Amino acid sequence: MIIEGIAVPFGYASVDTDAMFPVSGEQTAAEHGWGAALFHRWRADPSFILNDPAYRAATILVADADFGIGSSRETAVWALAGAGFRAVLAPSFGDIFRSNCVRNGVLTAVLEPAARLRVHEYLLANPGAALTVDLESSVLEPLGEPLRIDGFARRVLVEGVDEFSLLLDLADRTDARLGPTPDTRSVA
Amino acid sequence: MAPRTLFAKVWESHVVDRLDDGPDVLAIDLHLIHEVTSLRAFEMLAERGLATRHPERTLGVADHIVPVTGQWTSRARDWADTLARNCAEHGIPHLPYGHPKQGIVHVIGPELGLSGPGLTIACGDSHTSTHGALGAVAFGIGTTQVAHVLATQSLLINRPKTMEIRVDGVLGPGVTSKDLALALLARHGNLAAAGHAVEYRGSAIEALSPEARMTLCNMGIELGARMSMVAAPPLSTDEGAVFDARLTLDAAGVPPYVTWGTNPAQSVPLGARVPGPASDTDDSTKRALAYSGLAPGTPIADVTIDAAFIGSCTNGRIEDLRAAAQVLRGRRVAPGVRAVVAPGSMTVRARAEAEGLDEVFRAAGFEWGTAGCSLCIAANGDLIPAGARCASTTNRNFEGRQGTGSRTHLMSPASVAASAVAGRLISASELS
């Protein structure tokens, strides 16, 4: 499987999910769809890179370290996917954000810091250039940079995994693993 | 059997199955849901015609969007009503706004005796790590996984590595577990513990109260750890068990801390100066400085504030309110500073009132709110205006976290109380 498309030299480090989808984006999302709410506040700045027409059809985001820190809000990923993004490449990711991406058809792949910088500079020098992520070989072309891709995340994207069915099939075994807890009906 | 970590004991007893390419199927003992992230999870269940498998292991509570100092917004009312309706349809116990046990989900779980050692706990909220202070494996999940847990009481999750964060020594006077959390962030960054389950250990941790441990585990997610733990009887890490990674901190060397920027790792000791960019290309620091309206080299003690907030799942428990009230007794909030207390739960609120703390706060010029997330999330009508600066006991100082354009400085409850009185960012020991 290949993910190919225009890539954004996003550059920012420590991007939190509040920035991706602020609470104030709910109204925008309700009226114009999830994608319209992506980086809702940052988009108010005309010079924000996602306002650049060169990236209107972008599908790959190349970001700096600590992407997706903070809140567990899945709306951040719905906004990314809604805006057409299919992959985020960065040196490191927040764990919950990564998990949410798996469930929404967005690939997160680790690009080591030095490689991230090379890709970033390539994209700055070639605005609107396309990149290709090969999920089988875990290589980013045309630069030949290696990517680290989680095995399960790859399978979900390539084959599709119905997690509800998988978990429901195991429900009796799950019940056997549940420990004794106070009944929540005793408090409400 | 080989010696095992606390984390391994709890995790392994809940593994239902192990997939070849990574994740485990993990059984979830307790599922806490709130009005924001459960909304679309119930829609996902409806689309598949699925029921909640274990309503008696599920508890719904409205906390994020409920009014604390103000009025209901129409969206908030709609979400709270939807949670109530979903809970009723699924037979899930629910603590609505106005219920005497209602409060922030991570305050009421331990308070009502639901969270405890050896449990696996999930909630659609990243600060679920809080419950780990009681020896639970507790972690935040997205909405799709909220739906998975509702339908199956299980989910797929990669088993994290383990990290020991060892804090030995004695904390200085007036230094709290909030300061430990910020000190760790300042030293190690936002994702130092990503991919790991953290266990806090050492003599300084053993000396902390359960509530102070909750503050530390709460902010473990800021350090990147989806789950944080502290040993709690009868469960602990075996002698000789090996962790995959380790950080250490000397408690005696930690002063009260404050954040200056737009992520929690951008923090310095109170009394220090605002740092500058590490290099010309350090755009992240430059952007944070610009957003914060601060120049490098500015003494933190010269930074004036417009607001002060005490509350949240990080610091909204009774000990936090006592610590702040201790500083405020016989003092007044500086002119022009709006100061708010949002007790973490209605139980905390009632207890504080029984101790007369509400009178201390009111006499000092604080607003005394009801229980909820209030100014930690800016989704409930409580907002810091654009450009205004708030000393806050919360967990995140991200851009816009307390309202579009708001500036947040994270501190301990005593430091926020002192800063409210002084009208600038100081520790309680600096208050004359």
# chains A, B, ... in the order shown; residues from 1 in each chain; ligands from 1

$ residues_around --residues "Leu95 of chain B" --least-positions-apart "3" --cutoff "8 Å" --atoms "only C-alpha atoms" --output "list of chain:residue names"
A:Ala188, B:Leu59, B:Gly60, B:Val61, B:Ala62, B:His99, B:Lys101, B:Gln102

$ residues_around --residues "Glu319 of chain B" --least-positions-apart "3" --cutoff "10 Å" --atoms "only C-alpha atoms" --output "ChimeraX atom specification"
/B:209,211-212,315-316,322-325,348,352,413

$ write_last_selection --atoms "C-alpha atoms" --output "short mmCIF file (atom, residue, chain, number, x, y, z; two decimals), in the first residue's frame"
data_model
loop_
_atom_site.label_atom_id
_atom_site.label_comp_id
_atom_site.auth_asym_id
_atom_site.auth_seq_id
_atom_site.Cartn_x
_atom_site.Cartn_y
_atom_site.Cartn_z
CA SER B 209 -0.54 11.99 50.71
CA GLU B 211 -4.17 13.29 47.00
CA ALA B 212 -0.69 14.66 46.31
CA ASN B 315 -5.53 20.43 42.05
CA GLY B 316 -9.24 20.56 42.94
CA ARG B 322 -6.81 23.90 52.32
CA ALA B 323 -3.32 24.80 51.08
CA ALA B 324 -4.66 27.79 49.14
CA ALA B 325 -6.90 28.92 52.00
CA VAL B 348 -15.12 18.48 48.15
CA ALA B 352 -14.67 22.79 52.36
CA PRO B 413 -2.51 25.92 44.78
#

$ closest_residue --among "B:Ile310, B:Ile65, B:Val105, B:Ala27" --to "Met346 of chain B" --atoms "only C-alpha atoms"
B:Val105

$ select_by_dssp --residues "segment 68-230 of chain B" --states "strand (DSSP E)" --output "PyMOL selection string"
chain B and resi 94-95+120-123+137-140+154-157+161-168+196-201+227-229

$ residues_around --residues "Gly11 of chain A" --least-positions-apart "6" --cutoff "7 Å" --atoms "only C-alpha atoms" --output "ChimeraX atom specification"
/A:62-64

$ write_last_selection --atoms "N, CA and C atoms" --output "PDB file, in the first residue's frame"
ATOM      1  N   VAL A  62       4.288  16.882   7.531  1.00  0.00           N
ATOM      2  CA  VAL A  62       5.618  16.577   8.074  1.00  0.00           C
ATOM      3  C   VAL A  62       5.876  17.548   9.219  1.00  0.00           C
ATOM      4  N   ALA A  63       5.809  17.031  10.444  1.00  0.00           N
ATOM      5  CA  ALA A  63       5.860  17.891  11.626  1.00  0.00           C
ATOM      6  C   ALA A  63       7.105  17.600  12.451  1.00  0.00           C
ATOM      7  N   ASP A  64       7.371  18.504  13.393  1.00  0.00           N
ATOM      8  CA  ASP A  64       8.520  18.315  14.283  1.00  0.00           C
ATOM      9  C   ASP A  64       8.098  17.473  15.495  1.00  0.00           C
TER      10      ASP A  64
END

$ closest_atom_pairs --of "chain A" --to "chain B" --cutoff "6 Å" --atoms "only C-alpha atoms" --output "JSON lines"
{"residue": "A:Ser71", "atom": "CA", "partner": "B:Ser126", "partner_atom": "CA", "distance": 5.5}
{"residue": "A:Ser72", "atom": "CA", "partner": "B:Ser126", "partner_atom": "CA", "distance": 5.0}
{"residue": "A:Glu74", "atom": "CA", "partner": "B:Gly142", "partner_atom": "CA", "distance": 5.2}
{"residue": "A:Asn100", "atom": "CA", "partner": "B:Gly142", "partner_atom": "CA", "distance": 5.9}
{"residue": "A:Gly151", "atom": "CA", "partner": "B:Asp21", "partner_atom": "CA", "distance": 5.3}
{"residue": "A:Phe152", "atom": "CA", "partner": "B:Asp21", "partner_atom": "CA", "distance": 5.3}
{"residue": "A:Leu168", "atom": "CA", "partner": "B:Thr152", "partner_atom": "CA", "distance": 5.8}
{"residue": "A:Ala171", "atom": "CA", "partner": "B:Thr152", "partner_atom": "CA", "distance": 5.9}
{"residue": "A:Thr174", "atom": "CA", "partner": "B:Ala27", "partner_atom": "CA", "distance": 5.5}
{"residue": "A:Arg177", "atom": "CA", "partner": "B:His14", "partner_atom": "CA", "distance": 5.4}
{"residue": "A:Leu178", "atom": "CA", "partner": "B:Asp29", "partner_atom": "CA", "distance": 5.5}
{"residue": "A:Pro182", "atom": "CA", "partner": "B:Leu114", "partner_atom": "CA", "distance": 5.8}
{"residue": "A:Asp183", "atom": "CA", "partner": "B:Glu56", "partner_atom": "CA", "distance": 5.3}
{"residue": "A:Thr184", "atom": "CA", "partner": "B:Glu56", "partner_atom": "CA", "distance": 5.2}
{"residue": "A:Arg185", "atom": "CA", "partner": "B:Pro93", "partner_atom": "CA", "distance": 5.5}
{"residue": "A:Ala188", "atom": "CA", "partner": "B:Pro93", "partner_atom": "CA", "distance": 5.4}

$ closest_residue --among "B:Val360, B:Ile426, B:Ala418, B:Ala88" --to "Ala272 of chain B" --atoms "only C-alpha atoms"
B:Ile426

$ closest_residue --among "A:Ser186, A:Tyr55, A:Ala76, A:Ile69" --to "Ala29 of chain A" --atoms "only C-alpha atoms"
A:Ala76

$ select_by_dssp --residues "segment 3-154 of chain A" --states "alpha helix (DSSP H)" --output "PyMOL selection string"
chain A and resi 17-20+25-32+75-82+95-102+113-125+151-154

$ atom_distance --atom1 "atom CA of Glu199 of chain B" --atom2 "atom CA of Arg4 of chain B"
12.5 Å

$ closest_residue --among "B:Ile205, B:Thr5, B:Ile318, B:Ser279" --to "Ala354 of chain B" --atoms "only C-alpha atoms"
B:Ile318

$ atom_distance --atom1 "atom CA of Ala342 of chain B" --atom2 "atom CA of His64 of chain B"
12.0 Å

$ atom_distance --atom1 "atom CA of Ala207 of chain B" --atom2 "atom CA of Val170 of chain B"
8.3 Å
